[in-house]
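Engineer: Below is the file coords10.pdb, with PDB, N, CA and C atoms.
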ATOM      1  N   MET A1094     -35.302 158.125 265.937
ATOM      2  CA  MET A1094     -34.980 159.524 265.797
ATOM      3  C   MET A1094     -35.500 160.283 267.012
ATOM      4  N   ASN A1095     -34.684 161.201 267.483
ATOM      5  CA  ASN A1095     -35.047 162.011 268.645
ATOM      6  C   ASN A1095     -36.055 163.075 268.213
ATOM      7  N   LYS A1096     -37.260 162.963 268.719
ATOM      8  CA  LYS A1096     -38.315 163.891 268.325
ATOM      9  C   LYS A1096     -38.040 165.320 268.777
ATOM     10  N   LYS A1097     -37.161 165.494 269.767
ATOM     11  CA  LYS A1097     -36.837 166.838 270.244
ATOM     12  C   LYS A1097     -36.079 167.644 269.196
ATOM     13  N   ILE A1098     -35.309 166.988 268.338
ATOM     14  CA  ILE A1098     -34.544 167.721 267.334
ATOM     15  C   ILE A1098     -35.268 167.816 265.998
ATOM     16  N   LYS A1099     -36.368 167.090 265.816
ATOM     17  CA  LYS A1099     -37.113 167.102 264.551
ATOM     18  C   LYS A1099     -37.970 168.360 264.502
ATOM     19  N   THR A1100     -37.384 169.406 263.937
ATOM     20  CA  THR A1100     -38.095 170.676 263.796
ATOM     21  C   THR A1100     -37.937 171.175 262.365
ATOM     22  N   ASP A1101     -38.740 172.155 262.008
ATOM     23  CA  ASP A1101     -38.619 172.754 260.679
ATOM     24  C   ASP A1101     -37.246 173.378 260.483
ATOM     25  N   ALA A1102     -36.707 173.991 261.533
ATOM     26  CA  ALA A1102     -35.397 174.631 261.431
ATOM     27  C   ALA A1102     -34.298 173.591 261.186
ATOM     28  N   VAL A1103     -34.361 172.462 261.885
ATOM     29  CA  VAL A1103     -33.369 171.409 261.683
ATOM     30  C   VAL A1103     -33.536 170.800 260.288
ATOM     31  N   ASP A1104     -34.768 170.593 259.860
ATOM     32  CA  ASP A1104     -35.011 170.107 258.491
ATOM     33  C   ASP A1104     -34.373 171.050 257.473
ATOM     34  N   HIS A1105     -34.542 172.359 257.681
ATOM     35  CA  HIS A1105     -33.994 173.360 256.770
ATOM     36  C   HIS A1105     -32.460 173.284 256.746
ATOM     37  N   LEU A1106     -31.851 173.134 257.912
ATOM     38  CA  LEU A1106     -30.403 172.997 257.995
ATOM     39  C   LEU A1106     -29.943 171.755 257.237
ATOM     40  N   PHE A1107     -30.608 170.624 257.447
ATOM     41  CA  PHE A1107     -30.208 169.390 256.779
ATOM     42  C   PHE A1107     -30.380 169.490 255.268
ATOM     43  N   GLU A1108     -31.419 170.178 254.819
ATOM     44  CA  GLU A1108     -31.585 170.410 253.378
ATOM     45  C   GLU A1108     -30.399 171.193 252.832
ATOM     46  N   ALA A1109     -29.948 172.180 253.585
ATOM     47  CA  ALA A1109     -28.787 172.970 253.160
ATOM     48  C   ALA A1109     -27.547 172.084 253.069
ATOM     49  N   ILE A1110     -27.339 171.243 254.078
ATOM     50  CA  ILE A1110     -26.170 170.356 254.080
ATOM     51  C   ILE A1110     -26.237 169.384 252.904
ATOM     52  N   LEU A1111     -27.417 168.855 252.639
ATOM     53  CA  LEU A1111     -27.573 167.912 251.533
ATOM     54  C   LEU A1111     -27.354 168.564 250.169
ATOM     55  N   SER A1112     -27.428 169.883 250.104
ATOM     56  CA  SER A1112     -27.204 170.580 248.833
ATOM     57  C   SER A1112     -25.722 170.761 248.515
ATOM     58  N   LEU A1113     -24.857 170.541 249.497
ATOM     59  CA  LEU A1113     -23.420 170.718 249.281
ATOM     60  C   LEU A1113     -22.902 169.641 248.338
ATOM     61  N   GLU A1114     -22.019 170.038 247.431
ATOM     62  CA  GLU A1114     -21.590 169.121 246.381
ATOM     63  C   GLU A1114     -20.172 168.590 246.520
ATOM     64  N   ASN A1115     -19.339 169.241 247.326
ATOM     65  CA  ASN A1115     -17.970 168.757 247.436
ATOM     66  C   ASN A1115     -17.351 169.272 248.739
ATOM     67  N   ARG A1116     -16.129 168.839 249.000
ATOM     68  CA  ARG A1116     -15.453 169.180 250.248
ATOM     69  C   ARG A1116     -15.225 170.686 250.377
ATOM     70  N   ASP A1117     -14.863 171.349 249.285
ATOM     71  CA  ASP A1117     -14.649 172.799 249.347
ATOM     72  C   ASP A1117     -15.923 173.536 249.745
ATOM     73  N   GLU A1118     -17.061 173.103 249.210
ATOM     74  CA  GLU A1118     -18.339 173.703 249.601
ATOM     75  C   GLU A1118     -18.630 173.436 251.077
ATOM     76  N   CYS A1119     -18.286 172.251 251.544
ATOM     77  CA  CYS A1119     -18.469 171.925 252.966
ATOM     78  C   CYS A1119     -17.631 172.855 253.830
ATOM     79  N   TYR A1120     -16.377 173.061 253.452
ATOM     80  CA  TYR A1120     -15.522 173.982 254.210
ATOM     81  C   TYR A1120     -16.140 175.374 254.251
ATOM     82  N   SER A1121     -16.579 175.875 253.116
ATOM     83  CA  SER A1121     -17.156 177.227 253.066
ATOM     84  C   SER A1121     -18.388 177.332 253.958
ATOM     85  N   PHE A1122     -19.289 176.382 253.825
ATOM     86  CA  PHE A1122     -20.538 176.433 254.585
ATOM     87  C   PHE A1122     -20.296 176.265 256.082
ATOM     88  N   PHE A1123     -19.531 175.236 256.450
ATOM     89  CA  PHE A1123     -19.336 174.960 257.872
ATOM     90  C   PHE A1123     -18.471 176.002 258.556
ATOM     91  N   GLU A1124     -17.548 176.624 257.826
ATOM     92  CA  GLU A1124     -16.776 177.715 258.426
ATOM     93  C   GLU A1124     -17.671 178.910 258.719
ATOM     94  N   ASP A1125     -18.688 179.129 257.886
ATOM     95  CA  ASP A1125     -19.652 180.198 258.146
ATOM     96  C   ASP A1125     -20.628 179.814 259.249
ATOM     97  N   LEU A1126     -21.029 178.558 259.282
ATOM     98  CA  LEU A1126     -22.055 178.093 260.215
ATOM     99  C   LEU A1126     -21.535 177.906 261.637
ATOM    100  N   CYS A1127     -20.345 177.344 261.758
ATOM    101  CA  CYS A1127     -19.811 176.943 263.059
ATOM    102  C   CYS A1127     -18.623 177.809 263.462
ATOM    103  N   THR A1128     -18.394 177.870 264.755
ATOM    104  CA  THR A1128     -17.131 178.431 265.222
ATOM    105  C   THR A1128     -16.048 177.384 264.951
ATOM    106  N   VAL A1129     -14.812 177.805 264.999
ATOM    107  CA  VAL A1129     -13.701 176.869 264.809
ATOM    108  C   VAL A1129     -13.792 175.758 265.850
ATOM    109  N   ASN A1130     -14.047 176.118 267.100
ATOM    110  CA  ASN A1130     -14.119 175.102 268.164
ATOM    111  C   ASN A1130     -15.275 174.134 267.963
ATOM    112  N   GLU A1131     -16.421 174.615 267.488
ATOM    113  CA  GLU A1131     -17.551 173.715 267.227
ATOM    114  C   GLU A1131     -17.198 172.712 266.132
ATOM    115  N   LEU A1132     -16.590 173.198 265.074
ATOM    116  CA  LEU A1132     -16.225 172.314 263.970
ATOM    117  C   LEU A1132     -15.157 171.306 264.393
ATOM    118  N   LEU A1133     -14.187 171.768 265.171
ATOM    119  CA  LEU A1133     -13.162 170.851 265.664
ATOM    120  C   LEU A1133     -13.759 169.814 266.612
ATOM    121  N   SER A1134     -14.744 170.214 267.419
ATOM    122  CA  SER A1134     -15.406 169.262 268.329
ATOM    123  C   SER A1134     -16.169 168.197 267.548
ATOM    124  N   LEU A1135     -16.873 168.613 266.502
ATOM    125  CA  LEU A1135     -17.602 167.646 265.670
ATOM    126  C   LEU A1135     -16.636 166.670 265.011
ATOM    127  N   SER A1136     -15.550 167.197 264.458
ATOM    128  CA  SER A1136     -14.592 166.311 263.788
ATOM    129  C   SER A1136     -13.905 165.394 264.797
ATOM    130  N   GLN A1137     -13.659 165.895 266.005
ATOM    131  CA  GLN A1137     -13.052 165.062 267.050
ATOM    132  C   GLN A1137     -13.980 163.897 267.396
ATOM    133  N   ARG A1138     -15.270 164.167 267.558
ATOM    134  CA  ARG A1138     -16.228 163.096 267.881
ATOM    135  C   ARG A1138     -16.262 162.043 266.784
ATOM    136  N   PHE A1139     -16.189 162.505 265.532
ATOM    137  CA  PHE A1139     -16.202 161.570 264.412
ATOM    138  C   PHE A1139     -14.953 160.693 264.432
ATOM    139  N   GLU A1140     -13.800 161.271 264.730
ATOM    140  CA  GLU A1140     -12.561 160.498 264.835
ATOM    141  C   GLU A1140     -12.629 159.520 266.003
ATOM    142  N   VAL A1141     -13.193 159.962 267.113
ATOM    143  CA  VAL A1141     -13.370 159.076 268.271
ATOM    144  C   VAL A1141     -14.240 157.885 267.875
ATOM    145  N   ALA A1142     -15.323 158.142 267.164
ATOM    146  CA  ALA A1142     -16.212 157.055 266.738
ATOM    147  C   ALA A1142     -15.467 156.070 265.843
ATOM    148  N   ALA A1143     -14.667 156.581 264.929
ATOM    149  CA  ALA A1143     -13.908 155.696 264.043
ATOM    150  C   ALA A1143     -12.932 154.837 264.832
ATOM    151  N   MET A1144     -12.285 155.436 265.808
ATOM    152  CA  MET A1144     -11.311 154.687 266.609
ATOM    153  C   MET A1144     -11.997 153.656 267.505
ATOM    154  N   LEU A1145     -13.154 154.019 268.075
ATOM    155  CA  LEU A1145     -13.909 153.054 268.878
ATOM    156  C   LEU A1145     -14.352 151.880 268.015
ATOM    157  N   ARG A1146     -14.772 152.183 266.819
ATOM    158  CA  ARG A1146     -15.202 151.149 265.884
ATOM    159  C   ARG A1146     -14.047 150.198 265.549
ATOM    160  N   ASP A1147     -12.833 150.742 265.565
ATOM    161  CA  ASP A1147     -11.636 149.934 265.321
ATOM    162  C   ASP A1147     -11.087 149.306 266.604
ATOM    163  N   HIS A1148     -11.885 149.374 267.676
ATOM    164  CA  HIS A1148     -11.562 148.733 268.961
ATOM    165  C   HIS A1148     -10.322 149.302 269.637
ATOM    166  N   LYS A1149     -10.079 150.590 269.449
ATOM    167  CA  LYS A1149      -8.978 151.254 270.151
ATOM    168  C   LYS A1149      -9.402 151.486 271.603
ATOM    169  N   THR A1150      -8.432 151.562 272.496
ATOM    170  CA  THR A1150      -8.735 151.793 273.906
ATOM    171  C   THR A1150      -9.019 153.270 274.145
ATOM    172  N   TYR A1151      -9.710 153.548 275.243
ATOM    173  CA  TYR A1151      -9.986 154.939 275.612
ATOM    174  C   TYR A1151      -8.678 155.718 275.740
ATOM    175  N   LEU A1152      -7.657 155.091 276.312
ATOM    176  CA  LEU A1152      -6.375 155.768 276.490
ATOM    177  C   LEU A1152      -5.755 156.136 275.144
ATOM    178  N   ASP A1153      -5.748 155.189 274.206
ATOM    179  CA  ASP A1153      -5.222 155.473 272.862
ATOM    180  C   ASP A1153      -6.000 156.603 272.195
ATOM    181  N   ILE A1154      -7.312 156.546 272.319
ATOM    182  CA  ILE A1154      -8.168 157.555 271.688
ATOM    183  C   ILE A1154      -7.913 158.924 272.306
ATOM    184  N   ALA A1155      -7.850 158.976 273.620
ATOM    185  CA  ALA A1155      -7.621 160.246 274.309
ATOM    186  C   ALA A1155      -6.268 160.831 273.907
ATOM    187  N   GLU A1156      -5.251 159.992 273.824
ATOM    188  CA  GLU A1156      -3.918 160.473 273.456
ATOM    189  C   GLU A1156      -3.881 160.989 272.026
ATOM    190  N   LYS A1157      -4.541 160.281 271.107
ATOM    191  CA  LYS A1157      -4.477 160.664 269.688
ATOM    192  C   LYS A1157      -5.370 161.858 269.373
ATOM    193  N   THR A1158      -6.555 161.925 269.979
ATOM    194  CA  THR A1158      -7.529 162.960 269.609
ATOM    195  C   THR A1158      -7.593 164.120 270.588
ATOM    196  N   GLY A1159      -7.120 163.904 271.814
ATOM    197  CA  GLY A1159      -7.266 164.930 272.841
ATOM    198  C   GLY A1159      -8.652 164.964 273.457
ATOM    199  N   ALA A1160      -9.505 164.006 273.091
ATOM    200  CA  ALA A1160     -10.865 163.944 273.630
ATOM    201  C   ALA A1160     -10.840 163.507 275.092
ATOM    202  N   SER A1161     -11.762 164.040 275.861
ATOM    203  CA  SER A1161     -11.892 163.625 277.255
ATOM    204  C   SER A1161     -12.547 162.253 277.316
ATOM    205  N   THR A1162     -12.383 161.587 278.452
ATOM    206  CA  THR A1162     -13.040 160.288 278.604
ATOM    207  C   THR A1162     -14.562 160.441 278.584
ATOM    208  N   ALA A1163     -15.059 161.593 279.029
ATOM    209  CA  ALA A1163     -16.511 161.842 278.975
ATOM    210  C   ALA A1163     -16.983 161.896 277.524
ATOM    211  N   THR A1164     -16.226 162.560 276.660
ATOM    212  CA  THR A1164     -16.585 162.626 275.241
ATOM    213  C   THR A1164     -16.509 161.240 274.610
ATOM    214  N   ILE A1165     -15.447 160.510 274.912
ATOM    215  CA  ILE A1165     -15.291 159.165 274.360
ATOM    216  C   ILE A1165     -16.452 158.278 274.798
ATOM    217  N   SER A1166     -16.825 158.385 276.065
ATOM    218  CA  SER A1166     -17.940 157.605 276.596
ATOM    219  C   SER A1166     -19.261 157.976 275.912
ATOM    220  N   ARG A1167     -19.473 159.259 275.703
ATOM    221  CA  ARG A1167     -20.698 159.731 275.046
ATOM    222  C   ARG A1167     -20.776 159.199 273.617
ATOM    223  N   VAL A1168     -19.667 159.247 272.893
ATOM    224  CA  VAL A1168     -19.637 158.726 271.527
ATOM    225  C   VAL A1168     -19.839 157.213 271.543
ATOM    226  N   ASN A1169     -19.220 156.537 272.493
ATOM    227  CA  ASN A1169     -19.388 155.083 272.600
ATOM    228  C   ASN A1169     -20.849 154.720 272.851
ATOM    229  N   ARG A1170     -21.513 155.499 273.674
ATOM    230  CA  ARG A1170     -22.936 155.261 273.943
ATOM    231  C   ARG A1170     -23.759 155.430 272.655
ATOM    232  N   SER A1171     -23.409 156.439 271.863
ATOM    233  CA  SER A1171     -24.110 156.634 270.585
ATOM    234  C   SER A1171     -23.862 155.474 269.633
ATOM    235  N   LEU A1172     -22.631 154.990 269.610
ATOM    236  CA  LEU A1172     -22.322 153.845 268.746
ATOM    237  C   LEU A1172     -23.104 152.610 269.156
ATOM    238  N   ASN A1173     -23.239 152.402 270.460
ATOM    239  CA  ASN A1173     -23.885 151.187 270.955
ATOM    240  C   ASN A1173     -25.405 151.286 271.069
ATOM    241  N   TYR A1174     -25.915 152.472 271.386
ATOM    242  CA  TYR A1174     -27.345 152.596 271.677
ATOM    243  C   TYR A1174     -28.030 153.701 270.886
ATOM    244  N   GLY A1175     -27.335 154.276 269.933
ATOM    245  CA  GLY A1175     -27.896 155.388 269.174
ATOM    246  C   GLY A1175     -28.745 154.924 268.002
ATOM    247  N   ASN A1176     -28.817 155.767 266.996
ATOM    248  CA  ASN A1176     -29.662 155.520 265.828
ATOM    249  C   ASN A1176     -28.901 154.921 264.647
ATOM    250  N   ASP A1177     -27.695 154.419 264.893
ATOM    251  CA  ASP A1177     -26.846 153.806 263.866
ATOM    252  C   ASP A1177     -26.400 154.780 262.782
ATOM    253  N   GLY A1178     -26.430 156.076 263.108
ATOM    254  CA  GLY A1178     -25.985 157.079 262.147
ATOM    255  C   GLY A1178     -24.508 156.961 261.825
ATOM    256  N   TYR A1179     -23.684 156.763 262.861
ATOM    257  CA  TYR A1179     -22.252 156.592 262.613
ATOM    258  C   TYR A1179     -22.017 155.386 261.704
ATOM    259  N   GLU A1180     -22.648 154.269 262.040
ATOM    260  CA  GLU A1180     -22.428 153.034 261.278
ATOM    261  C   GLU A1180     -22.855 153.210 259.822
ATOM    262  N   MET A1181     -23.961 153.883 259.599
ATOM    263  CA  MET A1181     -24.441 154.132 258.244
ATOM    264  C   MET A1181     -23.388 154.903 257.440
ATOM    265  N   VAL A1182     -22.845 155.961 258.053
ATOM    266  CA  VAL A1182     -21.858 156.785 257.352
ATOM    267  C   VAL A1182     -20.557 156.012 257.141
ATOM    268  N   PHE A1183     -20.093 155.300 258.158
ATOM    269  CA  PHE A1183     -18.850 154.545 257.996
ATOM    270  C   PHE A1183     -18.983 153.490 256.904
ATOM    271  N   SER A1184     -20.103 152.800 256.844
ATOM    272  CA  SER A1184     -20.264 151.763 255.824
ATOM    273  C   SER A1184     -20.314 152.391 254.431
ATOM    274  N   ARG A1185     -20.943 153.536 254.297
ATOM    275  CA  ARG A1185     -20.970 154.223 253.001
ATOM    276  C   ARG A1185     -19.584 154.737 252.612
ATOM    277  N   MET A1186     -18.840 155.224 253.582
ATOM    278  CA  MET A1186     -17.489 155.708 253.288
ATOM    279  C   MET A1186     -16.589 154.549 252.860
ATOM    280  N   ASN A1187     -16.758 153.386 253.463
ATOM    281  CA  ASN A1187     -15.964 152.209 253.099
ATOM    282  C   ASN A1187     -16.279 151.746 251.695
ATOM    283  N   LYS A1188     -17.533 151.859 251.267
ATOM    284  CA  LYS A1188     -17.922 151.474 249.910
ATOM    285  C   LYS A1188     -17.284 152.383 248.871
ATOM    286  N   GLU A1189     -17.115 153.660 249.223
ATOM    287  CA  GLU A1189     -16.554 154.638 248.300
ATOM    288  C   GLU A1189     -15.048 154.512 248.176
ATOM    289  N   SER A1190     -14.385 153.935 249.193
ATOM    290  CA  SER A1190     -12.913 153.856 249.151
ATOM    291  C   SER A1190     -12.430 152.691 248.340
TER     292      SER A1190
END
Kindly return the structure encoded in the file as structure tokens.

Structural biologist:
Amino acid sequence: MNKKIKTDAVDHLFEAILSLENRDECYSFFEDLCTVNELLSLSQRFEVAAMLRDHKTYLDIAEKTGASTATISRVNRSLNYGNDGYEMVFSRMNKES
């Protein structure tokens, strides 16, 4: 875990997110919390991660998501050298489907 982001304020934000109970609540909260562009950027990164995990090429990912190669590279670095957060979420989502 990155110690730079471990703050009381971030803990408070995560507690708020963990209190959300369904997709509609997520929409309400995140629409208030984020700008449209911030939310679209987060969702784009998540889609990029899913496509990288499925071994799609950078070109395919860029064409489908509109993400820059810099964004794709950054997400790929997180997948390969990060804290396994993406993998944890993807494996949990697969169990639920």

Engineer: What is the atom CA of Gly1175 of chain A to atom CA of Leu1126 of chain A distance in Å?

Structural biologist: 25.1 Å

Engineer: Quote the spacing between atom N of Ile1165 of chain A and atom N of Arg1138 of chain A in Å to one decimal place.

Structural biologist: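 Taking atom N of Ile1165 of chain A and atom N of Arg1138 of chain A, their separation equals 8.2 Å.
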
Engineer: Using DSSP on the backbone coordinates, identify all residues within chain A classified as helix (DSSP H, G or I); present the result as a ChimeraX atom specification.

Structural biologist: /A:1101-1111,1116-1126,1129-1146,1151-1158,1162-1174,1178-1189

Engineer: For Leu1133 of chain A, which residue out of A:Lys1096, A:Asn1169, A:Gly1159, A:Arg1185 is the nearest one, using only C-alpha atoms?

Structural biologist: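 Using only C-alpha atoms, Leu1133 of chain A sits closest to A:Gly1159.
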
Engineer: Find the residues near segment 1142-1154 of chain A: any atom within 9 Å, counting only C-alpha atoms, skip ones fewer than 2 places away on the same chain, and give them as a PDB file with N, CA and C atoms, in the coordinates of the input.

Structural biologist:
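The resulting file, part28.pdb, is shown below:
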ATOM      1  N   GLN A1137     -13.659 165.895 266.005  1.00  0.00           N
ATOM      2  CA  GLN A1137     -13.052 165.062 267.050  1.00  0.00           C
ATOM      3  C   GLN A1137     -13.980 163.897 267.396  1.00  0.00           C
ATOM      4  N   ARG A1138     -15.270 164.167 267.558  1.00  0.00           N
ATOM      5  CA  ARG A1138     -16.228 163.096 267.881  1.00  0.00           C
ATOM      6  C   ARG A1138     -16.262 162.043 266.784  1.00  0.00           C
ATOM      7  N   PHE A1139     -16.189 162.505 265.532  1.00  0.00           N
ATOM      8  CA  PHE A1139     -16.202 161.570 264.412  1.00  0.00           C
ATOM      9  C   PHE A1139     -14.953 160.693 264.432  1.00  0.00           C
ATOM     10  N   GLU A1140     -13.800 161.271 264.730  1.00  0.00           N
ATOM     11  CA  GLU A1140     -12.561 160.498 264.835  1.00  0.00           C
ATOM     12  C   GLU A1140     -12.629 159.520 266.003  1.00  0.00           C
ATOM     13  N   GLU A1156      -5.251 159.992 273.824  1.00  0.00           N
ATOM     14  CA  GLU A1156      -3.918 160.473 273.456  1.00  0.00           C
ATOM     15  C   GLU A1156      -3.881 160.989 272.026  1.00  0.00           C
ATOM     16  N   LYS A1157      -4.541 160.281 271.107  1.00  0.00           N
ATOM     17  CA  LYS A1157      -4.477 160.664 269.688  1.00  0.00           C
ATOM     18  C   LYS A1157      -5.370 161.858 269.373  1.00  0.00           C
ATOM     19  N   THR A1158      -6.555 161.925 269.979  1.00  0.00           N
ATOM     20  CA  THR A1158      -7.529 162.960 269.609  1.00  0.00           C
ATOM     21  C   THR A1158      -7.593 164.120 270.588  1.00  0.00           C
ATOM     22  N   GLY A1159      -7.120 163.904 271.814  1.00  0.00           N
ATOM     23  CA  GLY A1159      -7.266 164.930 272.841  1.00  0.00           C
ATOM     24  C   GLY A1159      -8.652 164.964 273.457  1.00  0.00           C
ATOM     25  N   ALA A1160      -9.505 164.006 273.091  1.00  0.00           N
ATOM     26  CA  ALA A1160     -10.865 163.944 273.630  1.00  0.00           C
ATOM     27  C   ALA A1160     -10.840 163.507 275.092  1.00  0.00           C
ATOM     28  N   THR A1162     -12.383 161.587 278.452  1.00  0.00           N
ATOM     29  CA  THR A1162     -13.040 160.288 278.604  1.00  0.00           C
ATOM     30  C   THR A1162     -14.562 160.441 278.584  1.00  0.00           C
ATOM     31  N   ILE A1165     -15.447 160.510 274.912  1.00  0.00           N
ATOM     32  CA  ILE A1165     -15.291 159.165 274.360  1.00  0.00           C
ATOM     33  C   ILE A1165     -16.452 158.278 274.798  1.00  0.00           C
ATOM     34  N   SER A1166     -16.825 158.385 276.065  1.00  0.00           N
ATOM     35  CA  SER A1166     -17.940 157.605 276.596  1.00  0.00           C
ATOM     36  C   SER A1166     -19.261 157.976 275.912  1.00  0.00           C
ATOM     37  N   VAL A1168     -19.667 159.247 272.893  1.00  0.00           N
ATOM     38  CA  VAL A1168     -19.637 158.726 271.527  1.00  0.00           C
ATOM     39  C   VAL A1168     -19.839 157.213 271.543  1.00  0.00           C
ATOM     40  N   ASN A1169     -19.220 156.537 272.493  1.00  0.00           N
ATOM     41  CA  ASN A1169     -19.388 155.083 272.600  1.00  0.00           C
ATOM     42  C   ASN A1169     -20.849 154.720 272.851  1.00  0.00           C
ATOM     43  N   SER A1171     -23.409 156.439 271.863  1.00  0.00           N
ATOM     44  CA  SER A1171     -24.110 156.634 270.585  1.00  0.00           C
ATOM     45  C   SER A1171     -23.862 155.474 269.633  1.00  0.00           C
ATOM     46  N   LEU A1172     -22.631 154.990 269.610  1.00  0.00           N
ATOM     47  CA  LEU A1172     -22.322 153.845 268.746  1.00  0.00           C
ATOM     48  C   LEU A1172     -23.104 152.610 269.156  1.00  0.00           C
ATOM     49  N   TYR A1179     -23.684 156.763 262.861  1.00  0.00           N
ATOM     50  CA  TYR A1179     -22.252 156.592 262.613  1.00  0.00           C
ATOM     51  C   TYR A1179     -22.017 155.386 261.704  1.00  0.00           C
ATOM     52  N   GLU A1180     -22.648 154.269 262.040  1.00  0.00           N
ATOM     53  CA  GLU A1180     -22.428 153.034 261.278  1.00  0.00           C
ATOM     54  C   GLU A1180     -22.855 153.210 259.822  1.00  0.00           C
ATOM     55  N   PHE A1183     -20.093 155.300 258.158  1.00  0.00           N
ATOM     56  CA  PHE A1183     -18.850 154.545 257.996  1.00  0.00           C
ATOM     57  C   PHE A1183     -18.983 153.490 256.904  1.00  0.00           C
TER      58      PHE A1183
END

Engineer: Report, in Å to a single decimal, how far apart atom CA of Gly1178 of chain A and atom CA of Ile1098 of chain A are.

Structural biologist: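 Straight-line distance from atom CA of Ile1098 of chain A to atom CA of Gly1178 of chain A works out to 14.6 Å.
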
Engineer: With distances taken over only C-alpha atoms, which residue among A:Phe1122, A:Ser1134, A:Ala1155, A:Asn1176 lies nearest Ile1110 of chain A?

Structural biologist: A:Phe1122
